[in-house]
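Structure file structure-v7.txt with compact mmCIF, C-alpha atoms and all ligand atoms:
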```
# COMPACT_ATOMS: atom_id res chain seq x y z
CA MET A 1 24.00 35.77 -37.45
CA LYS A 2 20.25 35.49 -37.22
CA HIS A 3 20.61 32.67 -34.69
CA SER A 4 22.91 34.53 -32.31
CA THR A 5 20.63 37.57 -32.28
CA ALA A 6 17.71 35.38 -31.38
CA PHE A 7 19.79 33.72 -28.65
CA LEU A 8 20.75 37.07 -27.12
CA ILE A 9 17.16 38.21 -27.01
CA LEU A 10 16.04 34.92 -25.52
CA SER A 11 18.73 34.90 -22.82
CA ALA A 12 17.96 38.47 -21.82
CA PHE A 13 14.39 37.35 -21.31
CA LEU A 14 15.19 34.13 -19.41
CA VAL A 15 17.86 35.24 -16.96
CA PRO A 16 15.70 37.29 -14.57
CA ILE A 17 13.14 34.46 -14.34
CA ALA A 18 15.67 31.77 -13.49
CA ALA A 19 17.58 33.85 -10.95
CA HIS A 20 15.95 32.73 -7.69
CA ASP A 21 18.62 33.04 -4.99
CA HIS A 22 18.27 29.52 -3.64
CA HIS A 23 19.28 28.04 -7.01
CA GLU A 24 22.75 29.42 -6.61
CA ASP A 25 23.78 27.38 -3.56
CA GLN A 26 24.16 23.66 -3.29
CA MET A 27 21.17 22.28 -1.43
CA PRO A 28 22.13 21.76 2.24
CA LEU A 29 21.96 18.19 3.54
CA ASP A 30 19.38 19.11 6.17
CA TYR A 31 17.11 20.61 3.53
CA VAL A 32 14.29 18.17 4.29
CA LYS A 33 13.10 18.86 7.80
CA PHE A 34 10.53 17.60 10.22
CA PRO A 35 7.72 18.53 10.02
CA TYR A 36 7.98 17.39 6.45
CA GLN A 37 8.08 20.09 3.77
CA ALA A 38 6.76 19.44 0.28
CA ILE A 39 9.36 19.89 -2.40
CA TYR A 40 6.92 21.89 -4.53
CA PRO A 41 5.43 24.17 -1.88
CA GLY A 42 2.61 25.24 -4.16
CA ASP A 43 3.37 28.96 -4.35
CA ASP A 44 5.94 30.78 -6.48
CA ASP A 45 8.80 29.04 -4.75
CA VAL A 46 9.15 26.22 -7.27
CA THR A 47 12.44 24.31 -7.28
CA ALA A 48 12.29 22.11 -10.35
CA ASP A 49 15.79 20.71 -9.77
CA SER A 50 15.29 19.25 -6.32
CA ILE A 51 13.43 16.00 -6.96
CA PHE A 52 16.39 14.32 -8.65
CA SER A 53 19.25 15.97 -6.78
CA GLY A 54 20.63 15.36 -3.33
CA ILE A 55 21.27 12.24 -1.23
CA THR A 56 18.48 9.66 -1.55
CA THR A 57 16.41 8.63 1.47
CA PHE A 58 12.98 6.99 1.38
CA ALA A 59 10.55 9.61 0.04
CA ARG A 60 13.26 12.20 0.78
CA LEU A 61 12.53 11.90 4.48
CA PRO A 62 15.15 13.14 6.94
CA TRP A 63 18.00 10.68 7.48
CA VAL A 64 18.49 9.86 11.14
CA GLN A 65 21.42 7.62 12.12
CA CYS A 66 19.17 5.75 14.54
CA LEU A 67 21.59 2.89 15.25
CA THR A 68 24.71 4.95 15.86
CA LYS A 69 25.08 8.64 16.62
CA ASP A 70 21.33 9.42 16.88
CA LYS A 71 20.54 6.62 19.36
CA ASP A 72 18.37 8.94 21.46
CA ASP A 73 16.24 10.26 18.62
CA LEU A 74 12.58 9.31 18.81
CA PHE A 75 10.18 8.80 15.87
CA ASP A 76 6.76 7.30 15.16
CA VAL A 77 7.53 5.46 11.92
CA ALA A 78 11.01 4.53 10.71
CA PHE A 79 12.07 3.15 7.35
CA LEU A 80 14.97 0.76 7.92
CA GLY A 81 17.01 -1.19 5.36
CA ALA A 82 18.07 -4.83 5.85
CA PRO A 83 20.41 -5.51 2.90
CA PHE A 84 20.62 -9.31 3.17
CA ASP A 85 20.29 -11.78 0.27
CA THR A 86 22.27 -14.88 1.16
CA GLY A 87 19.09 -16.88 1.85
CA THR A 88 17.84 -16.84 -1.76
CA SER A 89 17.24 -19.98 -3.82
CA TYR A 90 17.27 -18.50 -7.34
CA ARG A 91 18.29 -14.94 -8.27
CA PRO A 92 20.41 -13.16 -5.67
CA GLY A 93 20.56 -9.34 -5.51
CA ALA A 94 18.03 -8.21 -2.87
CA ARG A 95 20.91 -6.77 -0.82
CA PHE A 96 20.51 -3.81 -3.19
CA GLY A 97 16.78 -3.64 -2.41
CA PRO A 98 16.95 -0.84 0.19
CA ALA A 99 19.00 1.41 -2.10
CA GLY A 100 16.78 0.59 -5.09
CA ILE A 101 13.51 1.20 -3.22
CA ARG A 102 14.79 4.53 -1.98
CA ALA A 103 15.67 5.51 -5.57
CA GLY A 104 12.19 4.39 -6.68
CA SER A 105 10.59 6.54 -3.98
CA ARG A 106 12.03 9.91 -4.99
CA ARG A 107 8.85 11.17 -6.59
CA LEU A 108 6.53 10.11 -3.75
CA THR A 109 6.45 13.55 -2.17
CA LEU A 110 6.91 15.61 -5.31
CA TYR A 111 3.52 17.30 -5.00
CA GLY A 112 3.30 16.97 -1.22
CA GLY A 113 2.24 13.33 -0.69
CA TYR A 114 -1.53 13.56 -0.21
CA ASN A 115 -3.17 10.14 -0.64
CA VAL A 116 -6.46 10.86 -2.44
CA PRO A 117 -8.40 7.60 -1.86
CA LEU A 118 -7.35 7.37 1.81
CA GLN A 119 -7.74 11.12 2.36
CA VAL A 120 -4.55 11.48 4.35
CA ASN A 121 -1.08 12.91 3.85
CA PRO A 122 1.04 10.43 5.83
CA PHE A 123 3.96 12.87 5.80
CA LEU A 124 1.87 15.64 7.37
CA SER A 125 -0.37 13.63 9.68
CA GLY A 126 1.47 14.69 12.83
CA LEU A 127 3.54 11.51 12.99
CA LYS A 128 7.31 11.84 12.89
CA VAL A 129 8.47 9.70 9.97
CA VAL A 130 12.19 9.20 9.32
CA ASP A 131 14.63 7.08 7.33
CA CYS A 132 17.00 5.30 9.73
CA GLY A 133 19.32 4.05 6.98
CA ASP A 134 20.39 0.38 6.92
CA ILE A 135 21.21 -2.18 9.57
CA PRO A 136 24.84 -3.25 9.03
CA VAL A 137 24.54 -6.82 7.74
CA THR A 138 27.44 -9.14 6.97
CA PRO A 139 27.31 -10.96 3.61
CA TYR A 140 29.64 -13.72 4.92
CA ASP A 141 27.77 -15.39 7.77
CA ASN A 142 24.00 -15.91 7.73
CA LYS A 143 23.71 -16.80 11.39
CA TYR A 144 25.50 -13.62 12.41
CA ALA A 145 23.57 -11.52 9.87
CA ILE A 146 20.23 -12.79 11.18
CA LYS A 147 21.27 -11.78 14.69
CA GLN A 148 22.34 -8.34 13.43
CA ILE A 149 18.91 -7.83 11.84
CA GLU A 150 17.07 -8.88 15.02
CA ASN A 151 19.21 -6.60 17.19
CA GLY A 152 18.95 -3.63 14.84
CA HIS A 153 15.16 -3.92 14.61
CA LYS A 154 14.78 -4.41 18.36
CA GLN A 155 16.87 -1.34 19.16
CA LEU A 156 14.44 0.81 17.20
CA LEU A 157 11.27 -1.00 18.26
CA HIS A 158 12.00 -0.61 21.97
CA ARG A 159 12.52 3.13 21.78
CA PRO A 160 9.37 4.99 22.93
CA ALA A 161 7.29 6.47 20.11
CA PHE A 162 7.79 10.20 19.50
CA SER A 163 4.07 11.10 19.69
CA PRO A 164 1.69 10.15 22.50
CA LEU A 165 -1.23 7.90 21.52
CA GLY A 166 -3.85 10.59 22.16
CA ASN A 167 -7.56 9.94 22.53
CA ASP A 168 -9.98 7.72 20.66
CA SER A 169 -11.63 9.70 17.83
CA LEU A 170 -15.06 8.17 18.53
CA THR A 171 -15.32 8.09 22.33
CA GLY A 172 -12.71 10.69 23.31
CA GLN A 173 -11.30 8.19 25.84
CA PRO A 174 -7.50 8.00 26.15
CA LEU A 175 -5.91 5.29 24.02
CA LEU A 176 -3.81 2.56 25.67
CA PRO A 177 -0.99 0.66 23.94
CA ILE A 178 -1.91 -2.66 22.28
CA SER A 179 1.53 -4.13 22.99
CA LEU A 180 1.99 -6.95 25.49
CA ASP A 181 4.64 -5.00 27.38
CA GLY A 182 2.29 -2.03 27.84
CA LYS A 183 4.53 0.46 26.03
CA ASN A 184 3.79 2.75 23.11
CA HIS A 185 6.19 1.44 20.45
CA PRO A 186 7.08 3.14 17.17
CA ARG A 187 6.42 1.33 13.88
CA ILE A 188 9.18 0.12 11.59
CA ILE A 189 8.89 -0.43 7.85
CA THR A 190 11.78 -2.65 6.81
CA LEU A 191 13.20 -2.56 3.29
CA GLY A 192 14.55 -6.01 2.39
CA GLY A 193 16.53 -7.96 1.77
CA ASP A 194 15.37 -11.45 0.86
CA HIS A 195 12.44 -12.92 2.77
CA THR A 196 14.66 -14.70 5.33
CA ILE A 197 14.85 -11.38 7.21
CA VAL A 198 11.28 -11.88 8.45
CA LEU A 199 12.43 -14.54 10.94
CA PRO A 200 14.60 -12.07 12.92
CA LEU A 201 11.98 -9.33 12.40
CA LEU A 202 9.27 -11.53 13.93
CA ARG A 203 11.57 -12.40 16.84
CA SER A 204 11.84 -8.67 17.48
CA ILE A 205 8.08 -8.13 17.10
CA TYR A 206 7.46 -11.00 19.55
CA SER A 207 9.50 -9.18 22.19
CA ALA A 208 6.94 -6.34 22.18
CA TYR A 209 3.66 -7.89 21.07
CA GLY A 210 3.91 -11.63 21.73
CA ALA A 211 2.67 -14.05 19.05
CA ILE A 212 1.39 -11.91 16.19
CA SER A 213 -1.15 -12.31 13.38
CA VAL A 214 0.56 -12.01 10.01
CA ILE A 215 -0.73 -10.75 6.66
CA HIS A 216 1.64 -12.09 4.04
CA PHE A 217 1.46 -11.18 0.32
CA ASP A 218 3.58 -13.55 -1.76
CA SER A 219 3.34 -15.96 -4.66
CA HIS A 220 4.94 -18.59 -2.40
CA LEU A 221 3.99 -20.12 0.94
CA ASP A 222 7.36 -19.68 2.67
CA THR A 223 6.24 -22.16 5.35
CA TRP A 224 8.10 -25.02 3.71
CA LYS A 225 9.80 -27.61 5.86
CA PRO A 226 13.57 -27.40 5.44
CA SER A 227 13.62 -31.00 4.18
CA VAL A 228 11.34 -29.92 1.30
CA PHE A 229 13.08 -26.63 0.56
CA GLY A 230 16.81 -27.22 0.16
CA GLY A 231 17.63 -27.24 3.84
CA ALA A 232 19.33 -30.61 4.00
CA PRO A 233 23.08 -29.74 4.07
CA SER A 234 23.28 -27.95 7.41
CA GLU A 235 21.47 -26.24 10.25
CA GLN A 236 22.18 -22.90 8.62
CA ALA A 237 20.95 -23.97 5.17
CA ALA A 238 17.66 -24.89 6.84
CA ILE A 239 16.91 -21.20 7.46
CA ASN A 240 16.24 -19.55 4.10
CA HIS A 241 13.69 -17.48 2.19
CA GLY A 242 11.36 -20.45 1.70
CA THR A 243 11.39 -21.76 5.27
CA TYR A 244 11.52 -18.77 7.65
CA PHE A 245 7.76 -18.96 8.38
CA TYR A 246 8.15 -22.66 9.26
CA TRP A 247 10.71 -21.69 11.87
CA ALA A 248 8.69 -18.67 13.05
CA SER A 249 5.71 -20.96 13.55
CA GLN A 250 7.85 -23.56 15.38
CA GLU A 251 9.14 -20.82 17.68
CA GLY A 252 5.58 -19.68 18.44
CA LEU A 253 6.05 -16.23 16.92
CA ILE A 254 2.92 -16.44 14.72
CA ARG A 255 -0.61 -16.40 16.08
CA ASN A 256 -2.17 -19.67 14.96
CA GLY A 257 -5.28 -19.35 12.74
CA SER A 258 -5.48 -15.57 12.41
CA SER A 259 -2.69 -15.25 9.85
CA ILE A 260 -3.20 -15.26 6.09
CA HIS A 261 -1.28 -15.44 2.81
CA GLY A 262 -2.46 -13.52 -0.28
CA ALA A 263 -1.49 -13.88 -3.98
CA ILE A 264 -0.36 -17.53 -3.67
CA ARG A 265 0.25 -19.22 -7.06
CA THR A 266 3.41 -21.30 -6.82
CA THR A 267 3.71 -24.93 -7.85
CA LEU A 268 4.14 -27.32 -4.92
CA SER A 269 6.10 -30.40 -4.03
CA GLY A 270 2.62 -31.88 -3.60
CA PRO A 271 -0.68 -31.30 -1.75
CA ALA A 272 1.11 -31.99 1.55
CA ASP A 273 2.66 -28.50 1.33
CA TYR A 274 -0.82 -27.09 2.02
CA THR A 275 -1.32 -29.41 4.99
CA ASN A 276 2.00 -28.24 6.34
CA ASP A 277 0.96 -24.62 5.70
CA ASP A 278 -2.29 -25.17 7.66
CA GLU A 279 -0.23 -26.50 10.56
CA SER A 280 1.94 -23.39 10.44
CA GLY A 281 -1.17 -21.36 11.27
CA PHE A 282 -2.02 -19.66 7.94
CA GLN A 283 -5.19 -19.24 5.87
CA ARG A 284 -4.65 -18.79 2.12
CA ILE A 285 -5.92 -16.57 -0.69
CA GLU A 286 -4.86 -17.75 -4.15
CA ALA A 287 -3.80 -15.11 -6.70
CA ARG A 288 -6.49 -16.33 -9.12
CA GLU A 289 -9.29 -15.64 -6.64
CA ILE A 290 -9.11 -12.04 -7.80
CA ASP A 291 -10.94 -13.20 -10.96
CA THR A 292 -13.91 -14.47 -8.97
CA ILE A 293 -14.18 -12.50 -5.72
CA GLY A 294 -12.27 -9.35 -6.78
CA THR A 295 -10.30 -7.03 -4.55
CA ASP A 296 -13.35 -6.46 -2.30
CA GLY A 297 -13.68 -10.18 -1.64
CA ILE A 298 -9.97 -10.49 -0.88
CA ILE A 299 -10.05 -7.55 1.53
CA LYS A 300 -13.07 -9.09 3.28
CA LYS A 301 -11.29 -12.44 3.75
CA ILE A 302 -8.21 -10.75 5.21
CA ARG A 303 -10.20 -8.58 7.60
CA GLU A 304 -12.28 -11.53 8.79
CA THR A 305 -9.14 -13.55 9.47
CA VAL A 306 -7.21 -10.88 11.33
CA GLY A 307 -10.07 -9.12 13.13
CA THR A 308 -9.01 -6.36 15.51
CA ARG A 309 -5.78 -8.10 16.58
CA PRO A 310 -2.38 -6.47 16.23
CA VAL A 311 -0.97 -7.58 12.88
CA TYR A 312 2.40 -7.69 11.13
CA LEU A 313 2.40 -7.09 7.36
CA SER A 314 4.99 -8.73 5.10
CA ILE A 315 4.95 -7.98 1.37
CA ASP A 316 7.00 -10.02 -1.08
CA ILE A 317 7.27 -7.94 -4.26
CA ASP A 318 6.69 -11.21 -6.19
CA SER A 319 3.03 -11.03 -5.14
CA ILE A 320 2.81 -8.50 -8.00
CA ASP A 321 2.92 -9.94 -11.52
CA PRO A 322 6.39 -9.87 -13.16
CA ALA A 323 4.85 -7.70 -15.90
CA PHE A 324 4.75 -4.92 -13.29
CA ALA A 325 7.57 -5.99 -10.96
CA PRO A 326 10.10 -8.19 -12.79
CA ALA A 327 13.08 -7.51 -10.51
CA THR A 328 12.72 -10.20 -7.90
CA GLY A 329 14.35 -13.40 -6.68
CA THR A 330 11.74 -15.98 -7.71
CA PRO A 331 9.25 -14.49 -10.18
CA GLU A 332 5.90 -16.23 -10.88
CA THR A 333 3.52 -15.24 -13.66
CA GLY A 334 -0.21 -14.85 -13.07
CA GLY A 335 0.04 -12.36 -10.23
CA TRP A 336 -1.78 -9.21 -9.22
CA SER A 337 -1.21 -5.86 -10.86
CA THR A 338 0.40 -3.07 -8.88
CA ARG A 339 -2.99 -1.31 -8.92
CA GLU A 340 -4.74 -4.36 -7.47
CA LEU A 341 -2.23 -4.82 -4.64
CA ARG A 342 -2.45 -1.11 -3.79
CA THR A 343 -6.25 -1.34 -3.66
CA ILE A 344 -6.05 -4.36 -1.36
CA LEU A 345 -3.58 -2.57 0.92
CA ARG A 346 -5.86 0.46 1.20
CA GLY A 347 -8.56 -2.01 2.21
CA LEU A 348 -6.54 -2.70 5.37
CA ASP A 349 -7.40 0.80 6.62
CA GLY A 350 -8.25 0.62 10.31
CA LEU A 351 -6.22 -2.53 11.06
CA HIS A 352 -3.55 -2.29 13.77
CA ILE A 353 -0.46 -2.86 11.62
CA VAL A 354 2.36 -2.82 14.18
CA SER A 355 5.19 -2.96 11.62
CA ALA A 356 5.71 -4.02 8.01
CA ASP A 357 8.26 -4.92 5.38
CA ILE A 358 8.72 -5.23 1.65
CA VAL A 359 11.20 -7.86 0.50
CA GLU A 360 12.77 -9.60 -2.52
CA VAL A 361 13.32 -6.45 -4.57
CA ALA A 362 16.46 -7.23 -6.59
CA PRO A 363 17.07 -4.08 -8.67
CA ALA A 364 19.63 -5.66 -11.04
CA TYR A 365 16.77 -7.46 -12.85
CA ASP A 366 14.62 -4.35 -13.19
CA THR A 367 13.77 -2.56 -16.41
CA ASN A 368 15.51 0.72 -17.19
CA ALA A 369 12.21 2.37 -16.25
CA GLU A 370 12.62 1.20 -12.60
CA LEU A 371 9.20 -0.50 -12.64
CA THR A 372 9.89 -2.72 -9.64
CA THR A 373 11.49 -0.22 -7.30
CA MET A 374 8.75 2.30 -8.11
CA ALA A 375 6.07 -0.33 -7.42
CA ALA A 376 7.75 -1.18 -4.09
CA ALA A 377 7.88 2.48 -3.05
CA ASP A 378 4.26 3.12 -4.02
CA VAL A 379 3.09 0.01 -2.18
CA LEU A 380 4.82 1.33 0.95
CA PHE A 381 3.14 4.69 0.47
CA GLU A 382 -0.22 2.90 0.91
CA VAL A 383 1.09 1.05 3.99
CA LEU A 384 2.36 4.28 5.55
CA SER A 385 -0.98 5.98 4.81
CA VAL A 386 -2.91 3.19 6.54
CA MET A 387 -0.56 3.45 9.54
CA ALA A 388 -0.98 7.23 9.68
CA LYS A 389 -4.76 6.84 9.91
CA THR A 390 -4.80 4.29 12.72
CA PRO A 391 -2.99 4.85 16.03
CA LEU A 392 -1.69 1.68 17.72
CA GLY A 393 -4.05 2.09 20.66
CA LYS A 394 -7.24 0.71 22.17
CA VAL A 395 -9.74 2.07 24.69
CA LYS A 396 -9.92 0.49 28.13
CA GLU A 397 -12.36 -2.42 28.26
CA ASN A 398 -14.83 -2.01 31.11
C1 LIG B 401 -7.53 13.67 25.75
O1 LIG B 401 -8.55 13.74 26.68
C2 LIG B 401 -8.16 14.35 27.92
C3 LIG B 401 -9.33 14.23 28.88
O2 LIG B 401 -9.65 12.89 29.04
C4 LIG B 401 -7.74 15.78 27.66
O3 LIG B 401 -7.27 16.37 28.87
C5 LIG B 401 -6.62 15.80 26.62
O4 LIG B 401 -6.30 17.14 26.27
C6 LIG B 401 -7.03 15.05 25.37
N1 LIG B 401 -5.89 14.97 24.51
C7 LIG B 401 -5.95 15.27 23.20
C8 LIG B 401 -4.67 15.09 22.44
O5 LIG B 401 -6.95 15.64 22.66
C1 LIG B 402 -2.36 -24.56 14.68
O1 LIG B 402 -3.67 -25.06 14.83
C2 LIG B 402 -3.90 -26.21 14.03
C3 LIG B 402 -5.38 -26.54 14.10
O2 LIG B 402 -5.85 -26.55 15.42
C4 LIG B 402 -3.00 -27.35 14.50
O3 LIG B 402 -3.18 -28.48 13.68
C5 LIG B 402 -1.55 -26.89 14.40
O4 LIG B 402 -0.69 -27.85 14.95
C6 LIG B 402 -1.32 -25.57 15.14
N1 LIG B 402 0.00 -25.11 14.80
C7 LIG B 402 0.88 -24.67 15.72
C8 LIG B 402 2.20 -24.23 15.20
O5 LIG B 402 0.63 -24.61 16.91
MN MN B 403 8.62 -14.76 -0.08
```
Written as structure tokens, that's how I'd like the structure from this file.
Amino acid sequence: MKHSTAFLILSAFLVPIAAHDHHEDQMPLDYVKFPYQAIYPGDDDVTADSIFSGITTFARLPWVQCLTKDKDDLFDVAFLGAPFDTGTSYRPGARFGPAGIRAGSRRLTLYGGYNVPLQVNPFLSGLKVVDCGDIPVTPYDNKYAIKQIENGHKQLLHRPAFSPLGNDSLTGQPLLPISLDGKNHPRIITLGGDHTIVLPLLRSIYSAYGAISVIHFDSHLDTWKPSVFGGAPSEQAAINHGTYFYWASQEGLIRNGSSIHGAIRTTLSGPADYTNDDESGFQRIEAREIDTIGTDGIIKKIRETVGTRPVYLSIDIDSIDPAFAPATGTPETGGWSTRELRTILRGLDGLHIVSADIVEVAPAYDTNAELTTMAAADVLFEVLSVMAKTPLGKVKEN
């Protein structure tokens, strides 16, 4: 009897507080709008249920069906899934990467999304940022799938950007596109997928920017010759997640000498792998260099290598130590912490990153705490923040 009296009193007290009207309806699908609205708006209008309810997009951004019914929609930055994993050598499962990364990103905008160290809110910077969903990718035919990924990426890349480039913040002069075709392209952040997807992605990038400098975070080189990396059986087997950079280099998609790997720590078939890597056009930063030169030294090396050139950024989640990101195709111990990689990424502030990806997230091997998908989402938050701070433009050279 005592208990039920207490319950009645308590409920009488609670009901009026909980009875905000908007709690009574199911949240509409177009709840998240552009310009982006924080889920906790910071006044009395708190909706504690919304962060874990609803359909999941990256950072709860608006879903635009960019490849089908919304073909005419324009944007400045698009998240785009490429669920492909039939180029893996060890653990498959990265086809679930896009869905997993989106799930890991749900809390990104909980408090609004302001990036304290970079002093920017990439969701409120004036750029239109959307989630374009996934490219349809067949799991039955690698050659066809690789073509689908190239076509899907190209379709988005060759749409004009939503926002004009504006003027240079220092000189006030109008900014001009840095692309080779003279157009102001949007930026695409691709959610892999195993690393093979970077071959079609670089083919697409080439169509707008020509040969591109690449910043590549990975424990592996991925420039291996097919004869060294399991490519013997067939022409198709020769294109996989350890050889795509070899092919990209052969096709002239990578700018020779101004590209760099970071976090390398794999064993090799022998020293000749490094000679082959040099020939593919890359400099290297070993994972262990963080013990001697620190994150500052690593950032300095990257910036010196890339300079002011347009750059493509490819992040293999296995660059992070498996202690922090276990759910990946070919894990290697002795890597960087999530904190260290995020610091290094913030150090790329000011670089002209034309597009980026994160790959090799295979959620089936994750912990119940979603360590890997959360790490992937947070890493992309840094990338998006850097993009938001630096327009893809240059002032006219006199
Ligand atoms: C850029 O500068 C031009 C003058 O060169 C000015 O007319 C225009 O309003 C400026 N645009 C922005 C976005 O500030
Ligand atoms: C890149 O430059 C190096 C050094 O000049 C050269 O050995 C290598 O063949 C070049 N690679 C490509 C793919 O052009
Ligand atoms: Mn890789």
Quiz item: Can you list, as number ranges by chain, every protein, DNA or RNA residue that comes within 7 Å of A:Ala362 when you count only C-alpha atoms, leaving out same-chain residues fewer than 3 positions away?
Solution: A: 93-94, 96-97, 327-329, 365
Quiz item: Do you know which residues are at most 9 Å from A:Asp168 counting all atoms listed in the file, after dropping those on the same chain fewer than 2 positions away, and could you put them as a ChimeraX atom specification?
Solution: /A:165-166,170-175,391,393-395
Exercise. May I have the residues within 8 Å of ligand LIG 402 (chain B), computed using all atoms listed in the file, as an MDAnalysis selection string?
Key: chainID A and resid 249:250 252 254 256:257 278:281
Residues within 10 Å of ligand MN 403 (chain B) (only C-alpha atoms and all ligand atoms), as a PDB file with C-alpha atoms, in the frame of the given file?
```pdb
ATOM      1  CA  THR A  88      17.840 -16.840  -1.760  1.00  0.00           C
ATOM      2  CA  ASP A 194      15.370 -11.450   0.860  1.00  0.00           C
ATOM      3  CA  HIS A 195      12.440 -12.920   2.770  1.00  0.00           C
ATOM      4  CA  THR A 196      14.660 -14.700   5.330  1.00  0.00           C
ATOM      5  CA  VAL A 198      11.280 -11.880   8.450  1.00  0.00           C
ATOM      6  CA  HIS A 216       1.640 -12.090   4.040  1.00  0.00           C
ATOM      7  CA  PHE A 217       1.460 -11.180   0.320  1.00  0.00           C
ATOM      8  CA  ASP A 218       3.580 -13.550  -1.760  1.00  0.00           C
ATOM      9  CA  SER A 219       3.340 -15.960  -4.660  1.00  0.00           C
ATOM     10  CA  HIS A 220       4.940 -18.590  -2.400  1.00  0.00           C
ATOM     11  CA  LEU A 221       3.990 -20.120   0.940  1.00  0.00           C
ATOM     12  CA  ASP A 222       7.360 -19.680   2.670  1.00  0.00           C
ATOM     13  CA  THR A 223       6.240 -22.160   5.350  1.00  0.00           C
ATOM     14  CA  ASN A 240      16.240 -19.550   4.100  1.00  0.00           C
ATOM     15  CA  HIS A 241      13.690 -17.480   2.190  1.00  0.00           C
ATOM     16  CA  GLY A 242      11.360 -20.450   1.700  1.00  0.00           C
ATOM     17  CA  THR A 243      11.390 -21.760   5.270  1.00  0.00           C
ATOM     18  CA  TYR A 244      11.520 -18.770   7.650  1.00  0.00           C
ATOM     19  CA  PHE A 245       7.760 -18.960   8.380  1.00  0.00           C
ATOM     20  CA  SER A 314       4.990  -8.730   5.100  1.00  0.00           C
ATOM     21  CA  ILE A 315       4.950  -7.980   1.370  1.00  0.00           C
ATOM     22  CA  ASP A 316       7.000 -10.020  -1.080  1.00  0.00           C
ATOM     23  CA  ILE A 317       7.270  -7.940  -4.260  1.00  0.00           C
ATOM     24  CA  ASP A 318       6.690 -11.210  -6.190  1.00  0.00           C
ATOM     25  CA  SER A 319       3.030 -11.030  -5.140  1.00  0.00           C
ATOM     26  CA  THR A 328      12.720 -10.200  -7.900  1.00  0.00           C
ATOM     27  CA  GLY A 329      14.350 -13.400  -6.680  1.00  0.00           C
ATOM     28  CA  THR A 330      11.740 -15.980  -7.710  1.00  0.00           C
ATOM     29  CA  ILE A 358       8.720  -5.230   1.650  1.00  0.00           C
ATOM     30  CA  VAL A 359      11.200  -7.860   0.500  1.00  0.00           C
ATOM     31  CA  GLU A 360      12.770  -9.600  -2.520  1.00  0.00           C
TER      32      GLU A 360
END
```
Quiz item: Counting only C-alpha atoms, which of A:Ala248, A:Ile215, A:Ile290, A:Leu110 gets nearest to A:Thr343?
Solution: A:Ile290
Practice problem: Skip A:Arg102 itself and residues of its chain fewer than 4 positions away, then list as a VMD selection string all residues within 9 Å of it, counting only C-alpha atoms. | Solution: chain A and resid 56 to 60 97 to 98 106 191 373 to 374 377
Quiz prompt | Residue nearest A:Ser234 - candidates A:Ser89, A:Lys143, A:Glu289, A:Asp357, atoms counted: only C-alpha atoms | solution =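 Between A:Ser89, A:Lys143, A:Glu289, A:Asp357, the residue approaching A:Ser234 most closely is A:Lys143.
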Practice problem: Measure the distance from atom CA of A:Asn184 to atom CA of A:Asn115 in Å and round it to one decimal. | Solution: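 Going from atom CA of A:Asn184 over to atom CA of A:Asn115, I get 25.8 Å.
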Quiz item: To one decimal place, how far is atom CA of A:Phe381 from atom CA of A:Pro363 in Å?
Solution: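 Atom CA of A:Phe381 sits 18.8 Å away from atom CA of A:Pro363.
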Quiz item: From the list A:Gly81, A:Pro122, A:Pro160, A:Gly133, which residue is nearest A:Val383 when using only C-alpha atoms?
Solution: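 Distance minimum relative to A:Val383 lands on A:Pro122.
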Practice problem: Around the point (20.0, -25.7, 7.4), in the coordinates given by the file, pick out the residues reaching within 12 Å, counting only C-alpha atoms, and return them as a PyMOL selection string. | Solution: chain A and resi 87+142-143+225-244+247
